[in-house]
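K.L.:
My file is work00.csv. It has CSV, C-alpha atoms:
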chain,number,residue,atom,x,y,z
A,1457,MET,CA,117.1,149.8,149.9
A,1458,SER,CA,113.4,149.4,149.3
A,1459,ASP,CA,111.2,146.6,150.6
A,1460,ALA,CA,108.9,146.4,147.6
A,1461,PRO,CA,106.5,143.5,148.1
A,1462,GLY,CA,107.2,140.6,145.8
A,1463,ARG,CA,110.4,142.0,144.5
A,1464,PRO,CA,113.1,139.3,144.6
A,1465,ARG,CA,116.4,140.0,146.5
A,1466,ARG,CA,119.9,138.9,145.6
A,1467,PHE,CA,123.2,139.1,147.5
A,1468,VAL,CA,126.3,140.7,146.0
A,1469,ARG,CA,128.2,137.5,146.2
A,1470,GLU,CA,125.7,135.7,143.9
A,1471,SER,CA,126.6,137.8,140.9
A,1472,GLN,CA,130.3,138.5,141.4
A,1473,HIS,CA,132.5,137.5,138.4
A,1474,GLU,CA,136.2,137.2,137.9
A,1475,THR,CA,137.9,136.6,134.5
A,1476,SER,CA,141.4,136.7,133.3
A,1477,GLU,CA,143.2,136.8,129.9
A,1478,ILE,CA,146.8,136.8,128.8
A,1479,MET,CA,147.6,139.8,126.6
A,1480,MET,CA,148.9,138.9,123.2
A,1481,PRO,CA,150.7,140.9,120.5
A,1482,GLN,CA,147.4,141.7,118.7
A,1483,ASP,CA,146.2,143.4,121.9
A,1484,ALA,CA,149.0,146.0,121.8
A,1485,ASN,CA,148.9,149.5,120.3
A,1486,ILE,CA,151.5,151.0,118.0
A,1487,LEU,CA,153.6,152.1,121.0
A,1488,GLY,CA,153.8,148.7,122.6
A,1489,PRO,CA,151.5,148.6,125.6
A,1490,VAL,CA,148.1,147.0,125.5
A,1491,PHE,CA,145.5,149.1,123.6
A,1492,GLY,CA,143.1,150.8,126.0
A,1493,GLY,CA,140.1,149.9,123.9
A,1494,ALA,CA,140.9,146.2,124.4
A,1495,VAL,CA,140.9,146.7,128.1
A,1496,LEU,CA,137.6,148.6,128.0
A,1497,ALA,CA,136.0,145.8,125.9
A,1498,MET,CA,137.1,143.2,128.6
A,1499,MET,CA,135.7,145.4,131.3
A,1500,ASP,CA,132.4,145.7,129.6
A,1501,LYS,CA,132.2,141.9,129.1
A,1502,ALA,CA,133.1,141.2,132.8
A,1503,ALA,CA,130.6,143.8,134.0
A,1504,ALA,CA,127.9,142.3,131.7
A,1505,VAL,CA,128.3,138.9,133.3
A,1506,ALA,CA,127.7,140.3,136.8
A,1507,ALA,CA,124.7,142.4,135.6
A,1508,ILE,CA,123.1,139.4,133.8
A,1509,ARG,CA,123.7,137.2,136.8
A,1510,HIS,CA,122.0,139.6,139.1
A,1511,ALA,CA,119.1,140.4,136.8
A,1512,ARG,CA,118.8,137.0,135.1
A,1513,ARG,CA,117.8,139.0,132.1
A,1514,SER,CA,119.5,140.4,129.1
A,1515,CYS,CA,121.3,143.6,129.9
A,1516,VAL,CA,122.7,146.5,127.9
A,1517,THR,CA,125.4,149.0,128.8
A,1518,VAL,CA,124.1,152.6,129.1
A,1519,SER,CA,127.1,154.4,130.5
A,1520,ILE,CA,130.7,154.0,131.7
A,1521,ASP,CA,132.1,156.4,134.3
A,1522,ARG,CA,135.5,158.1,134.0
A,1523,VAL,CA,138.3,155.5,133.4
A,1524,ASP,CA,141.8,156.4,134.3
A,1525,PHE,CA,144.6,154.2,133.1
A,1526,ARG,CA,146.9,154.2,136.1
A,1527,GLU,CA,149.7,152.0,134.7
A,1528,PRO,CA,150.3,150.5,131.3
A,1529,ILE,CA,149.5,146.8,130.7
A,1530,HIS,CA,152.1,144.9,128.7
A,1531,VAL,CA,152.0,142.0,126.2
A,1532,GLY,CA,152.5,138.8,128.3
A,1533,ASP,CA,150.7,140.2,131.3
A,1534,LEU,CA,147.8,138.3,132.8
A,1535,VAL,CA,144.9,140.8,133.0
A,1536,VAL,CA,142.5,140.0,135.8
A,1537,MET,CA,139.0,141.5,135.9
A,1538,ARG,CA,136.8,141.5,139.1
A,1539,ALA,CA,133.2,142.6,138.6
A,1540,SER,CA,130.7,143.2,141.3
A,1541,VAL,CA,127.2,144.8,141.5
A,1542,ASN,CA,127.5,147.9,143.7
A,1543,PHE,CA,123.9,149.1,143.5
A,1544,ALA,CA,120.6,148.1,141.9
A,1545,GLY,CA,117.7,150.5,141.2
A,1546,ARG,CA,114.4,149.5,139.7
A,1547,THR,CA,115.8,148.6,136.2
A,1548,SER,CA,119.4,149.7,136.3
A,1549,MET,CA,122.5,148.4,138.1
A,1550,GLU,CA,126.0,149.9,138.7
A,1551,ILE,CA,128.8,147.4,138.2
A,1552,GLY,CA,132.2,148.1,139.6
A,1553,VAL,CA,135.2,146.5,137.8
A,1554,ARG,CA,138.7,146.4,139.2
A,1555,VAL,CA,141.5,145.6,136.8
A,1556,GLU,CA,144.9,144.1,137.8
A,1557,ALA,CA,147.8,143.0,135.7
A,1558,GLU,CA,150.0,140.1,136.8
A,1559,GLU,CA,153.5,139.7,135.6
A,1560,MET,CA,153.5,135.9,135.0
A,1561,ILE,CA,157.1,135.2,135.8
A,1562,SER,CA,157.4,137.2,139.0
A,1563,GLY,CA,153.7,136.8,140.1
A,1564,TYR,CA,153.7,140.6,140.9
A,1565,ARG,CA,150.2,142.2,140.5
A,1566,ARG,CA,149.4,145.8,140.2
A,1567,HIS,CA,146.1,147.7,140.0
A,1568,THR,CA,145.9,149.3,136.6
A,1569,ASN,CA,142.5,150.8,136.4
A,1570,SER,CA,138.9,150.7,137.7
A,1571,ALA,CA,135.5,151.8,136.3
A,1572,TYR,CA,131.8,151.9,137.1
A,1573,LEU,CA,129.5,150.7,134.4
A,1574,THR,CA,125.7,151.2,134.4
A,1575,PHE,CA,123.5,148.5,132.8
A,1576,VAL,CA,119.8,148.3,132.3
A,1577,ALA,CA,117.9,145.0,132.2
A,1578,ILE,CA,115.5,144.6,129.2
A,1579,ASP,CA,112.7,142.2,128.4
A,1580,ALA,CA,112.0,140.3,125.2
A,1581,GLU,CA,110.7,143.5,123.5
A,1582,GLY,CA,113.8,145.5,124.5
A,1583,ARG,CA,112.0,147.5,127.2
A,1584,PRO,CA,113.6,148.2,130.6
A,1585,THR,CA,112.4,145.6,133.2
A,1586,GLU,CA,112.7,145.4,136.9
A,1587,VAL,CA,115.7,143.7,138.5
A,1588,PRO,CA,116.1,142.1,142.0
A,1589,GLU,CA,116.9,144.3,144.9
A,1590,LEU,CA,120.6,144.2,145.9
A,1591,VAL,CA,121.4,143.1,149.5
A,1592,PRO,CA,124.9,144.1,150.7
A,1593,GLU,CA,126.1,142.0,153.5
A,1594,THR,CA,129.6,143.2,154.5
A,1595,ALA,CA,130.7,146.7,155.6
A,1596,GLU,CA,132.7,147.1,152.3
A,1597,GLU,CA,129.6,146.1,150.3
A,1598,ARG,CA,127.5,148.6,152.2
A,1599,ARG,CA,130.1,151.3,151.6
A,1600,ARG,CA,130.1,150.6,147.9
A,1601,TYR,CA,126.3,150.6,147.9
A,1602,ALA,CA,126.2,154.1,149.5
A,1603,ALA,CA,128.9,155.4,147.2
A,1604,ALA,CA,127.0,154.1,144.1
A,1605,GLN,CA,123.8,155.7,145.3
A,1606,ALA,CA,125.6,159.0,145.5
A,1607,ARG,CA,127.0,158.6,142.0
A,1608,ARG,CA,123.6,157.7,140.7
A,1609,ARG,CA,122.1,160.8,142.2
A,1610,ARG,CA,124.8,162.9,140.6
A,1611,ARG,CA,124.3,161.3,137.2
A,1612,LEU,CA,120.5,161.9,137.4
A,1613,GLU,CA,121.2,165.6,138.4
A,1614,GLU,CA,123.6,166.0,135.4
A,1615,ARG,CA,121.1,164.4,133.0
A,1616,THR,CA,118.3,166.7,134.3
A,1617,ALA,CA,120.6,169.7,133.9
A,1618,GLU,CA,121.6,168.7,130.4
A,1619,ALA,CA,117.9,168.2,129.4
A,1620,GLU,CA,117.0,171.6,130.8
A,1621,ALA,CA,119.9,173.3,129.0
A,1622,THR,CA,118.9,171.6,125.8
A,1623,ALA,CA,115.2,172.7,126.2
A,1624,ALA,CA,116.3,176.3,126.9
A,1625,HIS,CA,118.6,176.3,123.9
A,1626,ILE,CA,115.8,175.0,121.6
A,1627,ALA,CA,113.4,177.6,123.1
A,1628,ALA,CA,115.9,180.4,122.5
A,1629,GLU,CA,116.4,179.3,118.9
A,1630,ALA,CA,112.7,179.1,118.3
A,1631,ALA,CA,112.3,182.6,119.7
A,1632,ALA,CA,115.1,183.9,117.5
A,1633,ASP,CA,113.6,182.3,114.5
A,1634,GLY,CA,110.2,183.7,115.4
A,1635,ALA,CA,111.6,187.2,115.8
A,1636,ALA,CA,113.4,186.9,112.4
A,1637,ALA,CA,110.2,185.8,110.7
A,1638,ASP,CA,108.3,188.7,112.3
A,1639,GLY,CA,111.0,191.1,111.1
A,1640,ALA,CA,110.9,189.7,107.6
A,1641,ALA,CA,107.1,190.0,107.5
A,1642,ALA,CA,107.3,193.6,108.7
A,1643,ASP,CA,109.9,194.4,106.0
A,1644,ALA,CA,107.7,192.8,103.4
A,1645,ALA,CA,104.6,194.8,104.5
A,1646,ALA,CA,106.6,198.0,104.5
A,1647,GLY,CA,107.8,197.3,101.0
A,1648,GLU,CA,104.3,196.9,99.8
A,1649,THR,CA,103.0,200.2,101.2
A,1650,GLU,CA,106.0,202.4,100.4
A,1651,PRO,CA,105.6,204.5,97.3
A,1652,ASP,CA,107.9,204.0,94.4
A,1653,ALA,CA,110.8,206.4,94.7
A,1654,ARG,CA,110.4,207.6,91.0
A,1655,THR,CA,106.6,208.1,91.6
A,1656,ALA,CA,107.3,210.1,94.7
A,1657,ARG,CA,109.5,212.6,92.8
A,1658,ARG,CA,106.8,213.4,90.2
Could the structure of this file be written out as structure tokens, please?

P.N.:
Amino acid sequence: MSDAPGRPRRFVRESQHETSEIMMPQDANILGPVFGGAVLAMMDKAAAVAAIRHARRSCVTVSIDRVDFREPIHVGDLVVMRASVNFAGRTSMEIGVRVEAEEMISGYRRHTNSAYLTFVAIDAEGRPTEVPELVPETAEERRRYAAAQARRRRRLEERTAEAEATAAHIAAEAAADGAAADGAAADAAAGETEPDARTARR
């Protein structure tokens, strides 16, 4: 965590959000269980609330880490979303969302999936803007903060590697195009200087 002068600080508990919704028939896919896209949309909304609460700014989703659907969610289940800010950089935040499904009659709850979503705060012109520093208080919050930092470093490394690979590919294509153009020019020049075959036989 940095101690940038003048930068506001906010505790994890200040932006945590919990929401729930009963799954209805329109939420189901053609096989019966709840459509994964519906769950992802709920996760995105829950995470957005936590991000906006932390930043007190408009925020946009920039990435969602791998999501594994551990168990199906059924029509009639109460889906509970718990969203919490794990880490805050200068303009971005990682939000962790845990999803549980509750069988309303028995009260039994099961963990169905989790995901990490990255949001960026934006100003009125849509440009990234600084967010408050995150202050983890408990041992669990500090563990999540450290884990989120590691994931952020990995994402940045992957992004850098992708950018370098793209640049190398573009350079290779440009070199190949240049070589082809040079070859075509050489062929054209040779054609201009070669004597006509019929003239050469005379």

K.L.:
For a cut-off of 10 Å around (149.9, 142.5, 140.7), file coordinates, pick out all residues using only C-alpha atoms and list them as a PyMOL selection string.

P.N.:
chain A and resi 1533-1536+1555-1560+1562-1568

K.L.:
Which residue is closest to Arg1598 of chain A? Choose from A:Ile1478, A:Val1553, A:Met1498, A:Val1541 and count only C-alpha atoms.

P.N.:
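Closest to Arg1598 of chain A of all the choices is A:Val1541.
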
K.L.:
Using all atoms listed in the file, find all polymer residues with an atom at most 12 Å away from the point (128.3, 135.0, 145.1); report them as number ranges by chain.

P.N.:
A: 1466-1474, 1506, 1509-1510, 1539-1541, 1591-1593

K.L.:
At a cut-off of 12 Å, using all atoms listed in the file, what residues contact Arg1611 of chain A? Leave out same-chain residues fewer than 4 positions from it and give the result as a list in words.

P.N.:
Val1518, Ser1519, Ile1520, Asp1521, Glu1550, Thr1574, Ala1604, Gln1605, Ala1606, Arg1607, Arg1615, Thr1616, Ala1617 and Glu1618 of chain A

K.L.:
From the options A:Ala1511, A:Ala1503, A:Pro1528, A:Arg1599, which residue's atoms come nearest to Asp1579 of chain A, counting all atoms listed in the file?

P.N.:
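The closest residue to Asp1579 of chain A is A:Ala1511.
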